[in-house]
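Text of query_3.txt (compact mmCIF, C-alpha atoms) as supplied:
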# COMPACT_ATOMS: atom_id res chain seq x y z
CA MET Y 1 254.92 -53.43 81.29
CA SER Y 2 251.94 -55.77 81.55
CA ALA Y 3 248.90 -54.82 83.62
CA SER Y 4 249.63 -54.44 87.31
CA GLY Y 5 247.65 -56.08 90.08
CA ALA Y 6 246.90 -52.59 91.38
CA ARG Y 7 243.50 -51.75 89.92
CA TYR Y 8 242.76 -48.83 92.23
CA VAL Y 9 245.52 -46.26 92.69
CA ALA Y 10 245.63 -42.96 94.58
CA ILE Y 11 248.41 -40.39 94.32
CA ILE Y 12 249.42 -37.51 96.59
CA THR Y 13 250.70 -35.21 93.86
CA ASP Y 14 253.25 -33.36 95.96
CA GLY Y 15 256.11 -31.10 94.91
CA ASN Y 16 254.66 -28.59 92.44
CA GLY Y 17 255.85 -25.62 94.51
CA ARG Y 18 259.37 -26.98 94.97
CA TRP Y 19 259.56 -27.80 91.27
CA ALA Y 20 258.72 -24.17 90.45
CA GLN Y 21 261.14 -22.83 93.05
CA GLN Y 22 264.01 -24.91 91.66
CA ARG Y 23 263.38 -23.41 88.24
CA GLY Y 24 262.83 -19.84 89.39
CA VAL Y 25 259.31 -19.69 87.95
CA PRO Y 26 256.02 -18.68 89.64
CA VAL Y 27 254.38 -21.35 91.77
CA VAL Y 28 251.36 -21.42 89.46
CA ALA Y 29 253.70 -22.64 86.71
CA GLY Y 30 254.45 -25.60 88.96
CA HIS Y 31 250.75 -26.28 89.39
CA GLN Y 32 250.22 -26.09 85.62
CA ALA Y 33 253.08 -28.53 85.07
CA GLY Y 34 251.58 -30.78 87.74
CA ALA Y 35 248.19 -30.70 86.01
CA ASP Y 36 249.87 -31.73 82.75
CA THR Y 37 251.43 -34.67 84.59
CA VAL Y 38 248.04 -35.71 85.98
CA LYS Y 39 246.64 -35.93 82.45
CA ALA Y 40 249.66 -37.84 81.15
CA ARG Y 41 249.72 -40.35 84.01
CA LEU Y 42 245.94 -40.80 83.76
CA ARG Y 43 246.43 -42.00 80.20
CA ASP Y 44 249.24 -44.28 81.34
CA ALA Y 45 247.04 -45.64 84.13
CA ALA Y 46 244.36 -46.58 81.62
CA ASP Y 47 246.99 -48.29 79.43
CA LEU Y 48 248.32 -50.20 82.44
CA GLY Y 49 244.94 -51.60 83.49
CA VAL Y 50 244.21 -49.24 86.38
CA ARG Y 51 240.46 -48.84 86.79
CA GLU Y 52 240.37 -45.91 89.23
CA LEU Y 53 242.93 -43.15 89.73
CA THR Y 54 242.48 -40.66 92.57
CA VAL Y 55 244.59 -37.49 92.75
CA TYR Y 56 244.89 -35.02 95.63
CA SER Y 57 244.50 -31.66 93.94
CA PHE Y 58 243.44 -29.27 96.74
CA SER Y 59 243.05 -30.06 100.43
CA THR Y 60 240.91 -28.35 103.04
CA GLU Y 61 244.19 -27.10 104.54
CA ASN Y 62 245.34 -25.48 101.27
CA TRP Y 63 243.03 -22.50 101.86
CA SER Y 64 245.73 -21.26 104.26
CA ARG Y 65 248.07 -20.55 101.35
CA SER Y 66 248.40 -16.99 100.03
CA ASP Y 67 245.32 -15.41 98.46
CA GLU Y 68 247.29 -15.02 95.25
CA GLU Y 69 248.15 -18.73 95.03
CA VAL Y 70 244.63 -19.86 95.96
CA SER Y 71 243.07 -17.53 93.36
CA ALA Y 72 245.48 -18.75 90.70
CA LEU Y 73 244.68 -22.37 91.56
CA MET Y 74 240.94 -21.76 91.33
CA ARG Y 75 241.34 -20.13 87.91
CA MET Y 76 243.47 -23.03 86.75
CA PHE Y 77 240.96 -25.65 87.95
CA SER Y 78 238.17 -23.83 86.12
CA GLU Y 79 240.17 -23.54 82.90
CA ARG Y 80 241.30 -27.15 83.02
CA ILE Y 81 237.79 -28.49 83.61
CA LEU Y 82 236.39 -26.51 80.68
CA GLN Y 83 239.26 -27.35 78.32
CA GLU Y 84 239.89 -30.98 79.20
CA THR Y 85 236.50 -32.48 79.99
CA PRO Y 86 235.51 -32.91 76.30
CA GLU Y 87 238.92 -34.45 75.56
CA LEU Y 88 238.74 -36.86 78.51
CA HIS Y 89 235.15 -37.71 77.61
CA GLU Y 90 236.32 -38.77 74.14
CA GLU Y 91 238.90 -41.03 75.79
CA GLY Y 92 236.31 -42.80 77.94
CA VAL Y 93 237.30 -41.20 81.25
CA ARG Y 94 234.66 -40.84 83.96
CA MET Y 95 235.30 -37.83 86.20
CA ARG Y 96 234.29 -37.49 89.84
CA PHE Y 97 235.13 -34.73 92.30
CA ILE Y 98 235.26 -35.62 95.99
CA GLY Y 99 235.35 -33.07 98.80
CA ARG Y 100 233.32 -30.30 100.33
CA ARG Y 101 231.57 -27.89 97.99
CA ASP Y 102 231.08 -25.30 100.76
CA GLY Y 103 233.31 -22.29 100.24
CA VAL Y 104 233.93 -23.11 96.58
CA ALA Y 105 232.71 -20.54 94.05
CA PRO Y 106 229.25 -21.53 92.71
CA GLU Y 107 230.52 -21.18 89.12
CA LEU Y 108 233.28 -23.73 89.79
CA VAL Y 109 230.85 -26.07 91.57
CA GLY Y 110 228.67 -25.88 88.46
CA GLN Y 111 231.60 -26.70 86.22
CA MET Y 112 232.47 -29.74 88.32
CA ALA Y 113 228.87 -30.94 88.12
CA TRP Y 114 228.93 -30.41 84.34
CA ALA Y 115 232.12 -32.47 83.98
CA GLU Y 116 230.66 -35.26 86.11
CA GLY Y 117 227.41 -35.29 84.15
CA THR Y 118 229.15 -35.19 80.77
CA THR Y 119 231.39 -38.16 81.55
CA ALA Y 120 229.00 -40.17 83.76
CA GLY Y 121 228.49 -42.95 81.23
CA ASN Y 122 232.19 -43.63 80.59
CA ASP Y 123 233.84 -46.78 81.91
CA ARG Y 124 237.41 -46.99 80.64
CA ILE Y 125 238.83 -45.45 83.82
CA THR Y 126 237.46 -43.22 86.59
CA LEU Y 127 239.44 -40.15 87.64
CA TYR Y 128 238.59 -39.06 91.17
CA VAL Y 129 239.79 -35.52 91.88
CA ALA Y 130 240.05 -34.77 95.61
CA PHE Y 131 239.22 -31.07 95.65
CA ASN Y 132 238.63 -29.09 98.84
CA TYR Y 133 239.11 -32.51 100.38
CA GLY Y 134 240.15 -33.69 103.82
CA GLY Y 135 239.98 -37.28 105.05
CA ARG Y 136 238.79 -36.33 108.53
CA ALA Y 137 236.26 -33.90 107.07
CA GLU Y 138 234.88 -36.70 104.91
CA ILE Y 139 234.44 -38.97 107.95
CA LEU Y 140 232.81 -36.15 109.94
CA ASP Y 141 230.45 -35.32 107.08
CA ALA Y 142 229.49 -38.98 106.73
CA ALA Y 143 228.98 -39.37 110.47
CA ARG Y 144 226.46 -36.49 110.55
CA SER Y 145 223.95 -38.48 108.51
CA PHE Y 146 224.90 -42.01 109.56
CA THR Y 147 222.37 -44.01 111.56
CA GLY Y 148 223.45 -47.55 110.70
CA THR Y 149 225.78 -50.03 112.38
CA THR Y 150 228.09 -51.56 109.74
CA GLU Y 151 231.10 -50.36 107.77
CA GLU Y 152 229.24 -51.08 104.54
CA GLU Y 153 226.39 -48.80 105.62
CA PHE Y 154 228.85 -46.09 106.66
CA ARG Y 155 230.56 -46.22 103.26
CA GLU Y 156 227.28 -45.17 101.66
CA HIS Y 157 227.67 -41.77 103.35
CA LEU Y 158 231.18 -41.05 102.02
CA TYR Y 159 231.68 -38.56 99.18
CA ALA Y 160 231.96 -41.32 96.55
CA PRO Y 161 230.48 -44.53 97.99
CA GLU Y 162 231.24 -46.40 94.78
CA MET Y 163 234.98 -45.70 95.02
CA HIS Y 164 237.07 -48.77 95.78
CA ASP Y 165 239.65 -48.65 98.54
CA PRO Y 166 243.01 -47.91 96.91
CA ASP Y 167 245.26 -50.91 96.45
CA LEU Y 168 248.18 -48.48 96.28
CA ILE Y 169 248.83 -44.93 97.44
CA VAL Y 170 251.86 -43.15 95.94
CA ARG Y 171 253.32 -39.96 97.39
CA THR Y 172 255.84 -37.94 95.45
CA SER Y 173 258.47 -35.36 96.55
CA GLY Y 174 260.05 -37.32 99.41
CA GLU Y 175 257.49 -36.73 102.16
CA GLN Y 176 256.36 -39.89 103.94
CA ARG Y 177 252.88 -39.26 105.35
CA LEU Y 178 249.26 -39.40 104.19
CA SER Y 179 248.44 -35.75 105.00
CA ASN Y 180 244.75 -36.36 105.76
CA TYR Y 181 244.18 -38.21 102.49
CA LEU Y 182 241.55 -40.95 102.17
CA MET Y 183 241.72 -41.78 105.87
CA TRP Y 184 238.81 -44.24 105.71
CA GLN Y 185 239.72 -45.80 102.39
CA SER Y 186 243.45 -46.25 103.04
CA ALA Y 187 243.12 -48.75 105.91
CA TYR Y 188 244.84 -51.55 103.95
CA SER Y 189 246.45 -49.63 101.10
CA GLU Y 190 250.07 -50.30 100.22
CA LEU Y 191 252.19 -47.13 100.41
CA VAL Y 192 255.00 -46.17 98.05
CA PHE Y 193 257.06 -43.01 98.54
CA THR Y 194 259.34 -41.47 95.94
CA ASP Y 195 261.66 -38.46 96.00
CA VAL Y 196 260.58 -37.43 92.50
CA LEU Y 197 258.68 -34.10 92.42
CA TRP Y 198 255.21 -34.54 90.95
CA PRO Y 199 255.74 -32.57 87.69
CA ASP Y 200 258.74 -34.84 86.97
CA PHE Y 201 256.86 -38.07 87.78
CA SER Y 202 257.19 -40.05 84.55
CA ARG Y 203 255.53 -43.16 83.18
CA ALA Y 204 258.67 -45.07 84.21
CA ASP Y 205 258.26 -43.77 87.78
CA PHE Y 206 254.61 -44.84 87.74
CA GLU Y 207 255.52 -48.29 86.45
CA ALA Y 208 258.18 -48.60 89.17
CA ALA Y 209 255.57 -47.85 91.84
CA LEU Y 210 253.20 -50.43 90.37
CA ALA Y 211 256.02 -52.98 90.24
CA GLU Y 212 256.80 -52.28 93.90
CA TYR Y 213 253.14 -52.97 94.71
CA ASP Y 214 253.21 -56.21 92.72
CA SER Y 215 256.27 -57.39 94.67
CA ARG Y 216 254.49 -57.19 98.03
CA LYS Y 217 252.44 -59.84 99.79
CA ARG Y 218 249.07 -58.57 100.94
CA ARG Y 219 247.60 -60.47 103.91
CA PHE Y 220 244.87 -58.17 105.29
CA GLY Y 221 245.60 -59.38 108.83
CA ARG Y 222 245.92 -63.04 107.86
CA ARG Y 223 249.12 -65.09 108.11
Could you render the structure as structure tokens?
Amino acid sequence: MSASGARYVAIITDGNGRWAQQRGVPVVAGHQAGADTVKARLRDAADLGVRELTVYSFSTENWSRSDEEVSALMRMFSERILQETPELHEEGVRMRFIGRRDGVAPELVGQMAWAEGTTAGNDRITLYVAFNYGGRAEILDAARSFTGTTEEEFREHLYAPEMHDPDLIVRTSGEQRLSNYLMWQSAYSELVFTDVLWPDFSRADFEAALAEYDSRKRRFGRR
């Protein structure tokens, strides 16, 4: 497939738990499989001309899950950051974490800062990881320090002001909602929903979503 017109893509990586349940394995195995898929599709995104890929890894609402699952997720995030940052750095990936740092273990906050600093100079593709993230929380946090009047000025107070609005948002696992994801940035994003569970989301599935985007006419309110 040639490069898509979608340069900025966000994904709601849904279905890890159901994937694990279907296979009779612990839910953390589903999250590990989902993390493997993130890395694989990130490489595909770079091949396909995507400049920014944003993935929803942990929402502000996910703290309500069992202590066991939350603890396992935090350990996995830490391990993945430490193991994969050097590898992604070699591949020219810039990493950015968006979301609240309050309530996150200081050690993990430090690891995120290390990953961002290590990869800051890379420009092949930017991976935005929405971690402890909520779209309404982001708007509230921006509003607390905002004293301007324009949308452009307000953007400067978002978690990643340099992030482009997604051309395309993909949600896996059959649900058809945004779930508090990129509420400001998604105003004109095209939405594609697929029944495929995230760990099973293949390069072919990704290409199909990009092709669906390319088939649409984007008017931004114009005729």
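Take CA of Leu73 (chain Y) and CA of Glu116 (chain Y): the distance between them is 19.8 Å.
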Check your understanding: Could you work out how far CA of Val170 (chain Y) lies from CA of Asp14 (chain Y), giving the answer in Å with one decimal?
Key ->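 Computed distance, CA of Asp14 (chain Y) to CA of Val170 (chain Y), equals 9.9 Å.
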Practice item. Name the closest residue to Asn132 (chain Y) among the candidates Y:Thr37, Y:Phe201, Y:Leu88, Y:Ile98; distances are taken between atoms, counting all atoms listed in the file. Key: Y:Ile98
Practice item. Compare Y:Ser4, Y:Ser71, Y:Thr54, Y:Ser173 by their minimum atom-to-atom distance to Ala160 (chain Y), counting all atoms listed in the file, and give me the closest one. Key: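 Using all atoms listed in the file, Ala160 (chain Y) sits closest to Y:Thr54.
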**Study point:** Separation of CA of Asn16 (chain Y) from CA of Asp214 (chain Y), in Å and rounded to one decimal
**Key:**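 That distance, rounded to one decimal, is 27.7 Å.
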**Study point:** Of the listed residues Y:Glu175, Y:Asp167, Y:Glu61, Y:Asp36, that which approaches Ala209 (chain Y) most closely, counting all atoms listed in the file
**Key:**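 Smallest distance to Ala209 (chain Y) is found for Y:Asp167.
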Check your understanding: Pick from Y:Gly174, Y:His31, Y:Val93, Y:Tyr8: nearest to Ala120 (chain Y), with all atoms listed in the file counted?
Key -> Y:Val93
Review point. From the set Y:Ala187, Y:Leu82, Y:Ala33, Y:Leu53, which residue has the shortest atom-to-atom contact distance to Val9 (chain Y), counting only C-alpha atoms?
Key: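 Checking each of Y:Ala187, Y:Leu82, Y:Ala33, Y:Leu53 against Val9 (chain Y), counting only C-alpha atoms, the winner is Y:Leu53.
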Exercise for review: Determine, counting only C-alpha atoms, which protein, DNA and RNA residues have an atom within 12 Å of an atom of Val70 (chain Y); residues of the same chain fewer than 4 positions away are not included. Present the result as number ranges by chain.
Suggested key: Y: 27-28, 31, 57-66, 74-77, 104, 132
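Among the candidates Y:Gly135, Y:Gly17, Y:Gly92, Y:Gly103, the one nearest to Asn180 (chain Y) when counting all atoms listed in the file is Y:Gly135.
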Point to revise | Answer as a list in words, residues within 8 Å of (232.4, -32.3, 83.3) using all atoms listed in the file | key: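 Those residues lying close to the given coordinates are Ile81, Leu82, Thr85, Pro86, Met95, Gln111, Met112, Ala113, Trp114, Ala115, Glu116, Gly117, Thr118 and Thr119 of chain Y.
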Practice item. Can you pull out every residue within 12 Å of Leu42 (chain Y), counting only C-alpha atoms, but drop anything in the same chain fewer than 3 positions away, and send it as a VMD selection string? Key: chain Y and resid 9 to 11 35 to 39 45 to 55 88 91 to 95 124 to 129 201 to 203 206
